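Report on the structure given below.
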There are 2 protein chains.
Amino acid sequence: MFASRFLVVTALLALLTPALRAEDGYDLWLRYHPVSDPALLQHYRTSISGILVQGDSSILTAAREELHRGLAGLLGREIPIVREANQDGLLVAGTAATSPLIASPDFSMQMKVAGEEGYFIRSSKTGQASRIVVGANADIGVLYGVFHFLRLLQTQQRLDELSITAAPRIRHRVLNHWDNLDGTVERGYAGFSLWDWHKLPDHLPPRYKDYARANASIGINGTVLTNVNANAISLTPEYLKKAAALANVFRTYGIRTYLTARFSAPMEIGGLNTADPLDPQVVTWWKQKADEIYRQIPDFGGFLVKANSEGQPGPQQYGRTHADGANLLADALAAHGGIVMWRAFVYDDKVPDDRGKQAYNEFKPLDGKFRSNVLIQVKNGPIDFQPREPFHPLFGAMPGTPLMMEFQITREYLGFATHLVYLAPLFEEVLDSDTFATGRGSSVARVIDGSLEGHRVTGIAGVANIGSDRDWCGSVFGQANWFAYGRLAWDHSFAPEAIASEWIRLTFSNDPGFVKQVSSMMTDSREAVVNYMTPLGLHHLMARDHHYGPGPWVSGGPRNDWTSVYYHRADATGIGFDRTTTGSNAVAQYFRPVADVFGSLDRCPEGYLLWFHHISWDYQMRSGRTLWEELCRRYQLGVDSVRKMQKTWSLLEGRIDPERYEQTRVFLGIQEAEARWWRDACVLYFQTFSKKPIPAECEQPTQTLDYFQSVVSRYVPGTARPIR
Amino acid sequence: MFASRFLVVTALLALLTPALRAEDGYDLWLRYHPVSDPALLQHYRTSISGILVQGDSSILTAAREELHRGLAGLLGREIPIVREANQDGLLVAGTAATSPLIASPDFSMQMKVAGEEGYFIRSSKTGQASRIVVGANADIGVLYGVFHFLRLLQTQQRLDELSITAAPRIRHRVLNHWDNLDGTVERGYAGFSLWDWHKLPDHLPPRYKDYARANASIGINGTVLTNVNANAISLTPEYLKKAAALANVFRTYGIRTYLTARFSAPMEIGGLNTADPLDPQVVTWWKQKADEIYRQIPDFGGFLVKANSEGQPGPQQYGRTHADGANLLADALAAHGGIVMWRAFVYDDKVPDDRGKQAYNEFKPLDGKFRSNVLIQVKNGPIDFQPREPFHPLFGAMPGTPLMMEFQITREYLGFATHLVYLAPLFEEVLDSDTFATGRGSSVARVIDGSLEGHRVTGIAGVANIGSDRDWCGSVFGQANWFAYGRLAWDHSFAPEAIASEWIRLTFSNDPGFVKQVSSMMTDSREAVVNYMTPLGLHHLMARDHHYGPGPWVSGGPRNDWTSVYYHRADATGIGFDRTTTGSNAVAQYFRPVADVFGSLDRCPEGYLLWFHHISWDYQMRSGRTLWEELCRRYQLGVDSVRKMQKTWSLLEGRIDPERYEQTRVFLGIQEAEARWWRDACVLYFQTFSKKPIPAECEQPTQTLDYFQSVVSRYVPGTARPIR
């Protein structure tokens, strides 16, 4: 009796809870707060009187649960789950296999567009009964459709005449977690790892499911649990059991689990004395390891591999190629349907060439040599997730090989968790770049979605910004980047501004004025960070190793290409990395006319100017200023932009909950101080070469260069050395 | 307008929120859920119609806020804050300085008993008006009284005739956080550090305040932020600013902030070439450092020091004594009212003596040589937080020096976060032990509360089990140990069972049957872990270094006294550490008759038998069994006890929320498996010496000893090496 009373009470509480949680950011964009507009609420209540999800697979059950939970929150009352389509105002969802309604010829067109993972949402009327139908070919499509449907209510759209079809443009939409088995996260700024390996496989706290829900809600369908700087221990039976427990949770949300494969694993945990990819014992070892993994995780996604890069082992140690290495793993996985995501992020400072050229040089000759279940994962730019880089020249250069995009959602070079930097404009800039690989219209997006070269196996990866912090991302605005990545991975034609508006509505408020102001803060934020960190094509000026704060003076140390002076090349005559024909000729890796544009001082976009050109301090910019003046001005503009964000935000006080308001207020304060730190340190440092006064339109530094060079940042997050 | 509407809405939500949060454990014992008994709710509503906290200091403001929040939750409606005592049913709180009512002679007796930090709670009637009065001499006493008052409602007690006075028996009631600046926690099993040093001093998320609220609610008044294995960086200006930001939050809840002092800091961050405590430069450095700290943190509590122990630097490197070292720091702090807590946990494996004797040998001769603001912090037993140890022989042996108790709340040797082990019985066993220092009645508790030897500066420390996990402690039942530590630190006469019952009521339910069953689980749990890990006085059998799981076979390595064989001394003739006159004679460090009892095979309590005696496998125990049989039986009993807990818990399904039910269910499953692991590994290992069959009343192991010895536990929490 007591027990049942408890259940009744908790059921009631569950209905009310979404609306009443303290705003600690945990609910992300799935808050399901009651609809505040009374007329719209009435419209929703009228339109939806019951939930009929047809089918009982675990994914369809999750879809039913999500609808039940979401509608209860949004409509402020429980919407009954029904078993028969015998009432007006039903929300009917299912697949052709589970629902006669959805199998009906009425929807055959929509089902065709929906494809493997897509869905349709239709307002439909059969006789007296009006319904909303969410249909798909696969269970996961239904779940995606359900999240889309809930988003309509969350963003206060009417339901009268819904006619939506949606399908993802890219097949593998994955997160890369650079998480170590000891709980640290390389380049993680949101606490520590979500994965509590020690308590796995037994303990599966609700957070794992909520992680999966959040991913499914934006269409992410894969997660690589472990760091690319890989640990062979993650492939031991003990750890596979733990990974399998997570996979069991994620499967219900259509998410496949992947692991990173350390190339030397056959030696480290297999007892072999070689990891040579052509050695039969090695071949057998990987084959058996793959079989073992699939016994534990039947839908295992495959391996992500960083090989022969930054000290990681790889096939080149045995005189073999990346193709030999990737194919070794691909063959082991092929029978089970797994894929290999092989990273192109390789470089070697012993190669006396521009680091930005090396991936292209190593990989282009291997085009066509990879198995069909290998994707080459290429960072968006040729260096390393800088505030702005030109697109990577490999895009378009390997038509016989599917290339995946690798974006970084965690902001290693973009202010960590505290700076407000919305990344969708960066993502879009890269995706929209035209490679001219097969003439005009050969955008990077078309390379990675397979449409340009006819690939069916396609992929996109985002290095996750997710950790154990209560708000997942270390800041509320960090959540927008996870969200935007997922939305663009689903459909790269979405506009950054539209994604921002949608996220703001889901996360904060549907108030149009609020949405507009915050959206403009977000959209402008990427250019702000470019300006106060690395304007005009400068790159990699960050402090050594941890990359926190400015370090344009960084030189010496173990590798030339881990220093700032390697990249900015400032001297008495000017500044910038000459990558034209007179320099490293990296421009030649691009197709024409891109190569010509980048290589031409006159035509090169100013945003890439110092990326490709070494130019004089007195060079006259399009603004009429000298390069030196323009450089200083850009640094000042960066600071000014942050101050504008602060101003905008301060006007929004009281419009949202005090918790998230306050976090953002404090973080913007940190960002403003760090933007000044960047400006002053860089301007003072570059002034030692330009020997020119800081122009009046730039604030004068309040500390000396000596001071900035003496700053030591300790215990910077994201740099803990994992225990091996 | 929008702003004010938002504020109204959130005010309403704030009222309802406490009752409606998902049960993730964040709210600890401060849940303030609505009173479920209708009659009692009516009684409370009648008794409390308004809140009048007189005075506006930050602590009194916190008291008012807590009452407002707590009563809103408990009574399900807002209780107005009033400014005048002109209505019936007021809750009036304040000090003699802020409240004429409390200053009245009516309460002079109570105020006397309350003393510096205590309080009284009285139901009072003046003319027509009935009131409840919470009074104290100091603001912090009012806050403590408010928490006590709220606890009365949370535990469903009537308010008609309240007449309570309470005062702490110990002055410094502190937590020791073994937290490193890189976010790792030594021996931490609840995630990572609460302190986000990187974002300090700017970012002060609500969690810091909630940590302070929780501590104040149980009377904890000090917190040492940093690991005893200290890092001098924590004393740099940059980090002092960060510590000061935390101190500002904690001050409002009567909590003083302390830091650990690395003895070699004058060299590491001060540029000196010595840390010799008698060197004038060193004296000056510490004096200036203390002055600097007090400029940032005016109520800084002082230093906790681990010196000349396990590789930490200390005065002995310069031929000086612990007293020289402690007095150096004490003199630097004295002018500001700070204290030094100098740990007695010292031992040296180059000393060819029983490790358990060394602290006594080093410290007893220094009795009386310490400044008056030095406390010697002594672990509860002579080894290291084992499941059971006899009390430390230093207690009572240094009458001229105040000794602090150091308990470990985090369970390094007691199953980490997942095992359900309620520590209050362990704490009580030590506190109640009679040292006979000045004859019968010289309990350890009376040593540390100062009553035995007339000390006014007294202290107790608990090594915190608190981390970044959402439920603070890594498990809901872990919270009980934080709670129990605080309650016993306040008043060591509280009974473990009573504390358990109170905690269960605050945390789960007031249902008497539920309370009884869970209380008995908790109370029995300590003996369970003794039995399945280290029965009959065995100790330190844990796996090397990380201490996770059994390792009775551990031998060799860097230090003899870091091995298991050093402690159990099993051989063909028997098992146990002879600490009698025929052995190390550690018993002689105890007063008579304790020394005689421990030293006598017949009179020694069986719980300490193998701690003090090496005895034959055939020795006849009081049960009539041989030692071997009894040992096996105890291991089995340990497993059986865990199964009984599982049984009890399973019967409680549906009586509480599913989240906390499920976490505990899973963790009990882990505990049962690990109890079997312990039993099987230890019984098989000791059998190699006893050469006797495992008796029928003990389950036979399902794996071989070889198997257990081959188990390697990787990435065990609490052992990450901090970056220095």
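Letters A, B, ... mark the chains of the structure tokens in the order given; residue numbers begin at 1 per chain; ligand numbers begin at 1, in order shown.
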### Message
When you look at range 654-668 of chain A with a cut-off of 9 Å (counting only C-alpha atoms), what residues show up, excluding the ones that are within fewer than 4 positions of it in the same chain? I need them as a ChimeraX atom specification.
### Response
/A:22-25,417-420,475-477,508-509,514,642-643,645-646,649-650,672-673 /B:2-7,10,199,202-206
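The backbone trace of chain B, superposed onto chain A over all C-alpha atoms paired in order, deviates from it by an RMSD of 0.0 Å.
The coordinates place CA of Phe427 in chain A at 16.1 Å from CA of Tyr608 in chain A.
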### Query
Can you list, as an NGL selection string, every protein, DNA or RNA residue that comes within 8 Å of Ser234 in chain A when you count only C-alpha atoms, leaving out same-chain residues fewer than 5 positions away?
:A and (181 or 226 or 239-240 or 259)
Those same residues, written as a compact mmCIF listing (two decimals), in the first residue's frame with N, CA, C and O atoms?
```txt
# COMPACT_ATOMS: atom_id res chain seq x y z
N LEU A 181 41.16 6.47 -19.51
CA LEU A 181 40.56 5.48 -18.60
C LEU A 181 40.69 5.90 -17.13
O LEU A 181 39.99 5.38 -16.28
N THR A 226 36.77 6.63 -26.28
CA THR A 226 38.12 6.75 -25.73
C THR A 226 39.00 7.68 -26.56
O THR A 226 38.76 7.90 -27.75
N TYR A 239 37.71 -4.34 -19.97
CA TYR A 239 37.21 -3.04 -20.40
C TYR A 239 36.16 -3.16 -21.50
O TYR A 239 35.28 -2.30 -21.62
N LEU A 240 36.24 -4.20 -22.30
CA LEU A 240 35.18 -4.39 -23.30
C LEU A 240 33.84 -4.63 -22.63
O LEU A 240 32.80 -4.18 -23.12
N LEU A 259 35.45 2.46 -30.38
CA LEU A 259 36.62 2.60 -29.51
C LEU A 259 37.81 3.05 -30.36
O LEU A 259 37.84 2.83 -31.57
```
## Note on the structure
Using only C-alpha atoms, the best pick from A:Gly551, A:Gly718, A:Pro593, A:Pro695 as closest to chain B would be A:Gly718
### Residues flagged alpha helix (DSSP H) by DSSP in range 248-458 of chain B, as a PyMOL selection string
chain B and resi 248-251+265-268+280-296+322-334+355-363+424-432+444-448
### Message
What's the separation between CA of Glu630 in chain A and CA of His539 in chain A, in Å to one decimal place?
### Response
16.4 Å
